[in-house]
$ cat work-v8.tsv   # TSV, C-alpha atoms
chain	number	residue	atom	x	y	z
A	549	MET	CA	268.78	111.21	384.72
A	550	VAL	CA	266.58	110.06	381.82
A	551	ASP	CA	267.60	106.86	380.11
A	552	LYS	CA	268.71	107.79	376.55
A	553	ARG	CA	267.10	104.70	375.11
A	554	ARG	CA	263.76	105.61	376.64
A	555	ARG	CA	264.11	109.25	375.63
A	556	ASN	CA	264.84	108.38	371.99
A	557	ALA	CA	261.87	106.05	371.92
A	558	ARG	CA	259.44	108.82	372.82
A	559	PRO	CA	256.97	109.73	370.09
A	560	SER	CA	257.61	113.12	368.47
A	561	LYS	CA	255.28	115.92	369.52
A	562	TYR	CA	255.49	117.37	365.98
A	563	ARG	CA	253.16	116.10	363.33
A	564	LYS	CA	254.71	114.65	360.22
A	565	ARG	CA	254.47	116.76	357.08
A	566	THR	CA	252.00	115.63	354.50
A	567	GLU	CA	253.09	114.94	350.92
A	568	ALA	CA	251.39	118.18	349.86
A	569	GLN	CA	253.39	120.12	352.46
A	570	LYS	CA	256.61	118.46	351.32
A	571	ALA	CA	255.83	119.32	347.70
A	572	ARG	CA	255.15	122.97	348.58
A	573	ARG	CA	258.38	123.11	350.57
A	574	ARG	CA	260.34	121.69	347.64
A	575	GLU	CA	258.69	124.15	345.26
A	576	LEU	CA	259.53	127.06	347.55
A	577	TRP	CA	263.15	125.90	347.84
A	578	GLU	CA	263.47	125.54	344.05
A	579	THR	CA	261.96	128.98	343.52
A	580	ARG	CA	264.40	130.60	345.93
A	581	ALA	CA	267.30	128.70	344.35
A	582	GLY	CA	266.17	129.88	340.92
A	583	ASP	CA	265.97	133.46	342.14
A	584	ARG	CA	269.49	133.23	343.56
A	585	THR	CA	270.79	131.80	340.28
A	586	ALA	CA	269.03	134.51	338.24
A	587	ALA	CA	270.43	137.24	340.50
A	588	LYS	CA	273.94	135.80	340.22
A	589	GLN	CA	273.69	135.60	336.42
A	590	LEU	CA	272.40	139.18	336.30
A	591	ASP	CA	275.44	140.35	338.27
A	592	GLN	CA	277.73	138.39	335.92
A	593	GLU	CA	275.96	139.92	332.92
A	594	VAL	CA	276.55	143.42	334.27
A	595	ASP	CA	280.25	142.63	334.80
A	596	LEU	CA	280.55	141.14	331.29
A	597	LYS	CA	278.94	144.19	329.70
A	598	ALA	CA	281.34	146.47	331.55
A	599	ARG	CA	284.29	144.33	330.46
A	600	MET	CA	283.06	144.25	326.85
A	601	ALA	CA	282.73	148.04	326.78
A	602	ALA	CA	286.24	148.44	328.20
A	603	LEU	CA	287.71	146.02	325.65
A	604	GLU	CA	285.90	147.67	322.76
A	605	THR	CA	287.18	151.08	323.82
A	606	ALA	CA	290.74	149.82	324.25
A	607	LEU	CA	290.74	148.05	320.87
A	608	ARG	CA	289.24	151.10	319.16
A	609	ASP	CA	291.92	153.33	320.68
A	610	HIS	CA	294.56	150.99	319.25
A	611	GLY	CA	293.20	151.08	315.72
A	612	HIS	CA	290.65	148.26	315.68
A	613	GLY	CA	287.73	150.45	314.60
A	614	GLY	CA	286.02	147.60	312.76
A	615	ILE	CA	285.04	146.08	316.08
A	616	HIS	CA	282.53	148.90	316.60
A	617	THR	CA	281.08	149.23	313.10
A	618	ARG	CA	279.36	145.87	312.66
A	619	ARG	CA	276.17	146.91	310.90
A	620	HIS	CA	274.68	143.43	311.19
A	621	SER	CA	275.54	142.99	314.86
A	622	ARG	CA	272.63	141.62	316.78
A	623	PRO	CA	271.98	143.92	319.75
A	624	LEU	CA	271.87	142.14	323.07
A	625	GLU	CA	268.65	143.98	323.86
A	626	ASP	CA	266.96	142.14	321.00
A	627	ILE	CA	267.72	138.74	322.54
A	628	THR	CA	264.78	137.99	324.80
A	629	ASP	CA	265.94	134.59	326.06
A	630	ASP	CA	268.09	135.16	329.16
A	631	ALA	CA	270.25	132.06	328.65
A	632	GLU	CA	270.92	132.87	324.98
A	633	ARG	CA	271.70	136.52	325.72
A	634	PHE	CA	274.16	135.54	328.45
A	635	ALA	CA	275.85	132.97	326.16
A	636	VAL	CA	276.21	135.50	323.31
A	637	LEU	CA	277.57	138.15	325.67
A	638	LYS	CA	280.08	135.73	327.17
A	639	ALA	CA	281.23	134.60	323.71
A	640	ARG	CA	281.74	138.20	322.57
A	641	VAL	CA	283.80	139.04	325.62
A	642	GLU	CA	285.96	135.92	325.15
A	643	ARG	CA	286.63	136.87	321.51
A	644	LEU	CA	287.50	140.43	322.45
A	645	GLU	CA	289.79	139.14	325.20
A	646	ALA	CA	291.61	137.03	322.61
A	647	LEU	CA	291.91	139.99	320.24
A	648	TRP	CA	293.20	142.19	323.05
A	649	SER	CA	295.79	139.58	324.01
A	650	ILE	CA	297.07	139.41	320.41
A	651	ASP	CA	297.12	143.21	320.14
A	652	LYS	CA	299.02	143.49	323.43
A	653	ARG	CA	301.70	141.08	322.24
A	654	LYS	CA	302.06	143.05	319.00
A	655	ARG	CA	302.39	146.34	320.87
A	656	GLU	CA	305.04	144.86	323.15
A	657	THR	CA	306.95	143.62	320.11
A	658	ARG	CA	306.67	147.03	318.47
A	659	GLY	CA	307.93	148.72	321.62
A	660	LYS	CA	310.96	146.43	321.74
A	661	ILE	CA	311.68	147.15	318.08
A	662	ILE	CA	311.47	150.90	318.70
A	663	ILE	CA	313.82	150.71	321.69
A	664	GLY	CA	316.25	148.48	319.79
A	665	GLY	CA	316.15	150.72	316.73
A	666	ALA	CA	316.88	153.83	318.77
A	667	LEU	CA	319.74	152.10	320.57
A	668	LEU	CA	321.16	150.78	317.29
A	669	ALA	CA	321.02	154.25	315.71
A	670	GLU	CA	322.87	155.67	318.70
A	671	ILE	CA	325.58	153.00	318.41
A	672	ILE	CA	326.03	153.67	314.68
A	673	ASP	CA	326.37	157.40	315.31
A	674	GLY	CA	328.87	156.70	318.07
A	675	ILE	CA	331.00	154.45	315.86
A	676	ALA	CA	330.94	157.05	313.08
A	677	ALA	CA	332.20	159.61	315.59
A	678	GLY	CA	334.93	157.22	316.77
A	679	ASP	CA	333.24	156.42	320.09
A	680	ARG	CA	332.79	152.67	320.72
A	681	THR	CA	331.84	153.03	324.39
A	682	LEU	CA	328.15	152.24	323.89
A	683	LEU	CA	328.94	149.34	321.53
A	684	THR	CA	331.32	147.81	324.06
A	685	ALA	CA	328.73	148.14	326.84
A	686	LEU	CA	326.05	146.62	324.62
A	687	LEU	CA	328.24	143.65	323.65
A	688	ASP	CA	328.93	143.01	327.33
A	689	ILE	CA	325.19	143.01	328.06
A	690	LEU	CA	324.44	140.74	325.12
A	691	ASP	CA	327.17	138.31	326.11
A	692	ARG	CA	325.61	138.01	329.57
A	693	ARG	CA	321.94	138.04	328.55
A	694	VAL	CA	321.75	136.17	325.23
A	695	ASP	CA	322.46	132.43	325.18
A	696	ALA	CA	321.02	131.00	321.95
A	697	PRO	CA	323.60	130.84	319.12
A	698	ARG	CA	321.06	131.80	316.45
A	699	ASP	CA	320.10	134.89	318.46
A	700	ARG	CA	323.75	135.82	318.89
A	701	LEU	CA	324.32	135.39	315.15
A	702	THR	CA	321.37	137.67	314.37
A	703	VAL	CA	322.65	140.35	316.73
A	704	ARG	CA	326.21	140.08	315.44
A	705	ASP	CA	325.08	140.49	311.83
A	706	LEU	CA	322.86	143.42	312.78
A	707	LEU	CA	325.79	145.16	314.47
A	708	GLY	CA	327.99	144.82	311.41
A	709	ASP	CA	329.84	141.62	312.36
A	710	ALA	CA	330.55	142.85	315.88
A	711	PRO	CA	332.99	140.76	317.95
A	712	LEU	CA	330.34	138.70	319.75
A	713	PRO	CA	330.97	134.94	320.17
A	714	LEU	CA	328.13	132.70	319.04
A	715	ARG	CA	328.04	131.02	322.44
A	716	PRO	CA	329.01	132.13	325.97
A	717	GLY	CA	332.69	131.51	326.52
A	718	GLY	CA	333.27	130.68	322.87
A	719	ASP	CA	335.65	132.08	320.32
A	720	VAL	CA	334.59	134.88	318.01
A	721	ASP	CA	335.82	132.87	315.01
A	722	ASP	CA	333.81	129.70	315.87
A	723	PRO	CA	331.40	128.76	313.02
A	724	PHE	CA	327.65	128.68	313.61
A	725	GLU	CA	327.44	124.87	313.31
A	726	LYS	CA	330.06	124.40	316.02
A	727	ALA	CA	328.28	126.82	318.32
A	728	LEU	CA	325.02	124.90	317.84
A	729	MET	CA	326.74	121.57	318.49
A	730	GLU	CA	328.47	122.86	321.63
A	731	ALA	CA	325.17	124.24	322.90
A	732	GLY	CA	323.37	120.98	322.09
A	733	ILE	CA	320.80	122.73	319.89
A	734	ALA	CA	319.49	121.39	316.59
A	735	ALA	CA	319.24	123.61	313.53
A	736	PRO	CA	315.94	125.53	313.40
A	737	ASP	CA	313.00	124.27	311.36
A	738	PHE	CA	312.37	127.40	309.29
A	739	ASP	CA	309.30	125.91	307.56
A	740	ALA	CA	307.67	125.33	310.94
A	741	LEU	CA	308.51	128.87	312.04
A	742	VAL	CA	306.91	130.32	308.89
A	743	GLN	CA	303.79	128.17	309.32
A	744	SER	CA	303.48	129.24	312.96
A	745	ALA	CA	303.69	132.93	312.03
A	746	MET	CA	301.08	132.52	309.28
A	747	ALA	CA	298.77	130.64	311.65
A	748	GLU	CA	299.01	133.46	314.19
A	749	GLU	CA	298.01	136.05	311.57
A	750	SER	CA	295.15	133.86	310.36
A	751	ARG	CA	293.89	133.42	313.94
A	752	GLU	CA	293.81	137.17	314.48
A	753	ASP	CA	291.87	137.69	311.24
A	754	ASP	CA	289.35	135.01	312.24
A	755	LEU	CA	288.87	136.53	315.68
A	756	ASP	CA	288.46	140.01	314.23
A	757	ASP	CA	285.86	138.86	311.71
A	758	ALA	CA	284.04	136.68	314.23
A	759	ALA	CA	284.15	139.10	317.14
A	760	TYR	CA	280.37	139.36	317.04
A	761	GLY	CA	279.55	136.00	315.48
A	762	PRO	CA	277.37	135.39	312.39
A	763	ASP	CA	275.00	137.98	310.99
A	764	PRO	CA	271.23	137.33	310.83
A	765	ASP	CA	271.75	135.54	307.48
A	766	GLY	CA	274.31	133.20	309.00
A	767	HIS	CA	277.40	134.78	307.39
A	768	MET	CA	280.54	135.20	309.46
A	769	GLY	CA	282.31	138.54	309.76
A	770	ALA	CA	279.22	140.69	310.07
A	771	GLY	CA	278.36	140.06	313.69
A	772	ALA	CA	275.83	138.14	315.78
$ encode --input "work-v8.tsv" --output "structure tokens"
Amino acid sequence: MVDKRRRNARPSKYRKRTEAQKARRRELWETRAGDRTAAKQLDQEVDLKARMAALETALRDHGHGGIHTRRHSRPLEDITDDAERFAVLKARVERLEALWSIDKRKRETRGKIIIGGALLAEIIDGIAAGDRTLLTALLDILDRRVDAPRDRLTVRDLLGDAPLPLRPGGDVDDPFEKALMEAGIAAPDFDALVQSAMAEESREDDLDDAAYGPDPDGHMGAGA
């Protein structure tokens, strides 16, 4: 057997690379890495364009036609710098995603209102006809599903002072303040609630106007 110490001390049969060879090897590696990065970014750009088109179509179908009529929008094809074009495309998709998220929440809220309105109308018609079956079933569901006293108070008022306690297991005649105290909940800050709602509307307006960034003159709301 060959002694490992003697074997490791043998001179290499391969010639060492010169500095020029090392430089060429590094240049080749950097070129290939750049090509891989460019190809990856191109694939991402294709995916972003497809997502942007899908979002634009969805928003247009839900009444956001202004998204597609930006006369001062800067076409992506006019942006020659690859990095700038990718950044603009990514920003547009992110803005449209935010707009779509807001629109989705509004549609869900509208759907709940429609369902609740239809159910309420059916209950009113039933009471007028002397049938309280649906009202009784609804009160049972609300008593099991709704915990917050302020929500229970809203529902009770909406149902014409229906016999719904303001807290689970409470008495129908308990005042609102007692229900809050028993539940360990402080009175709501209505000013904060109003400010939050106004901020949400303002955010949607800003996203809608800025969906395509500034126009060529630098003004917001016309598109990048």
$ axis_aligned_box --input "work-v8.tsv" --around "segment 672-683 of chain A" --padding-each-side "5 Å" --output "JSON"
{"center_x": 330.5, "center_y": 154.5, "center_z": 318.7, "size_x": 18.9, "size_y": 20.3, "size_z": 21.3}
$ atom_distance --input "work-v8.tsv" --atom1 "atom CA of Lys588 of chain A" --atom2 "atom CA of Ala571 of chain A"
25.6 Å
$ residues_around --input "work-v8.tsv" --residues "Leu687 of chain A" --least-positions-apart "4" --cutoff "8 Å" --atoms "all atoms listed in the file" --output "short mmCIF file (atom, residue, chain, number, x, y, z; two decimals) with C-alpha atoms, in the frame of the given file"
data_model
loop_
_atom_site.label_atom_id
_atom_site.label_comp_id
_atom_site.auth_asym_id
_atom_site.auth_seq_id
_atom_site.Cartn_x
_atom_site.Cartn_y
_atom_site.Cartn_z
CA LEU A 683 328.94 149.34 321.53
CA ASP A 691 327.17 138.31 326.11
CA PRO A 711 332.99 140.76 317.95
CA LEU A 712 330.34 138.70 319.75
#
$ closest_residue --input "work-v8.tsv" --among "A:Arg655, A:Arg643, A:Arg584, A:Arg563" --to "Gly611 of chain A" --atoms "only C-alpha atoms"
A:Arg655
$ closest_residue --input "work-v8.tsv" --among "A:Leu714, A:Glu656, A:Pro723, A:Arg704" --to "Leu668 of chain A" --atoms "all atoms listed in the file"
A:Arg704
$ atom_distance --input "work-v8.tsv" --atom1 "atom CA of Arg715 of chain A" --atom2 "atom CA of Met729 of chain A"
10.3 Å
$ closest_residue --input "work-v8.tsv" --among "A:Ile661, A:Gly708, A:Ile689, A:Val636" --to "Ile675 of chain A" --atoms "only C-alpha atoms"
A:Gly708
$ closest_residue --input "work-v8.tsv" --among "A:Arg693, A:Asp630, A:Gly718, A:Ala747" --to "Ala587 of chain A" --atoms "all atoms listed in the file"
A:Asp630
$ closest_residue --input "work-v8.tsv" --among "A:Glu642, A:Arg653, A:Arg680, A:Leu637" --to "Glu625 of chain A" --atoms "all atoms listed in the file"
A:Leu637
$ atom_distance --input "work-v8.tsv" --atom1 "atom CA of Glu632 of chain A" --atom2 "atom CA of Trp648 of chain A"
24.2 Å
$ closest_residue --input "work-v8.tsv" --among "A:Asp719, A:Thr566, A:Ile627, A:Leu644" --to "Thr605 of chain A" --atoms "all atoms listed in the file"
A:Leu644
$ residues_around --input "work-v8.tsv" --residues "segment 591-602 of chain A" --least-positions-apart "4" --cutoff "7 Å" --atoms "all atoms listed in the file" --output "list of chain:residue names"
A:Ala587, A:Ala606, A:Phe634, A:Lys638, A:Val641
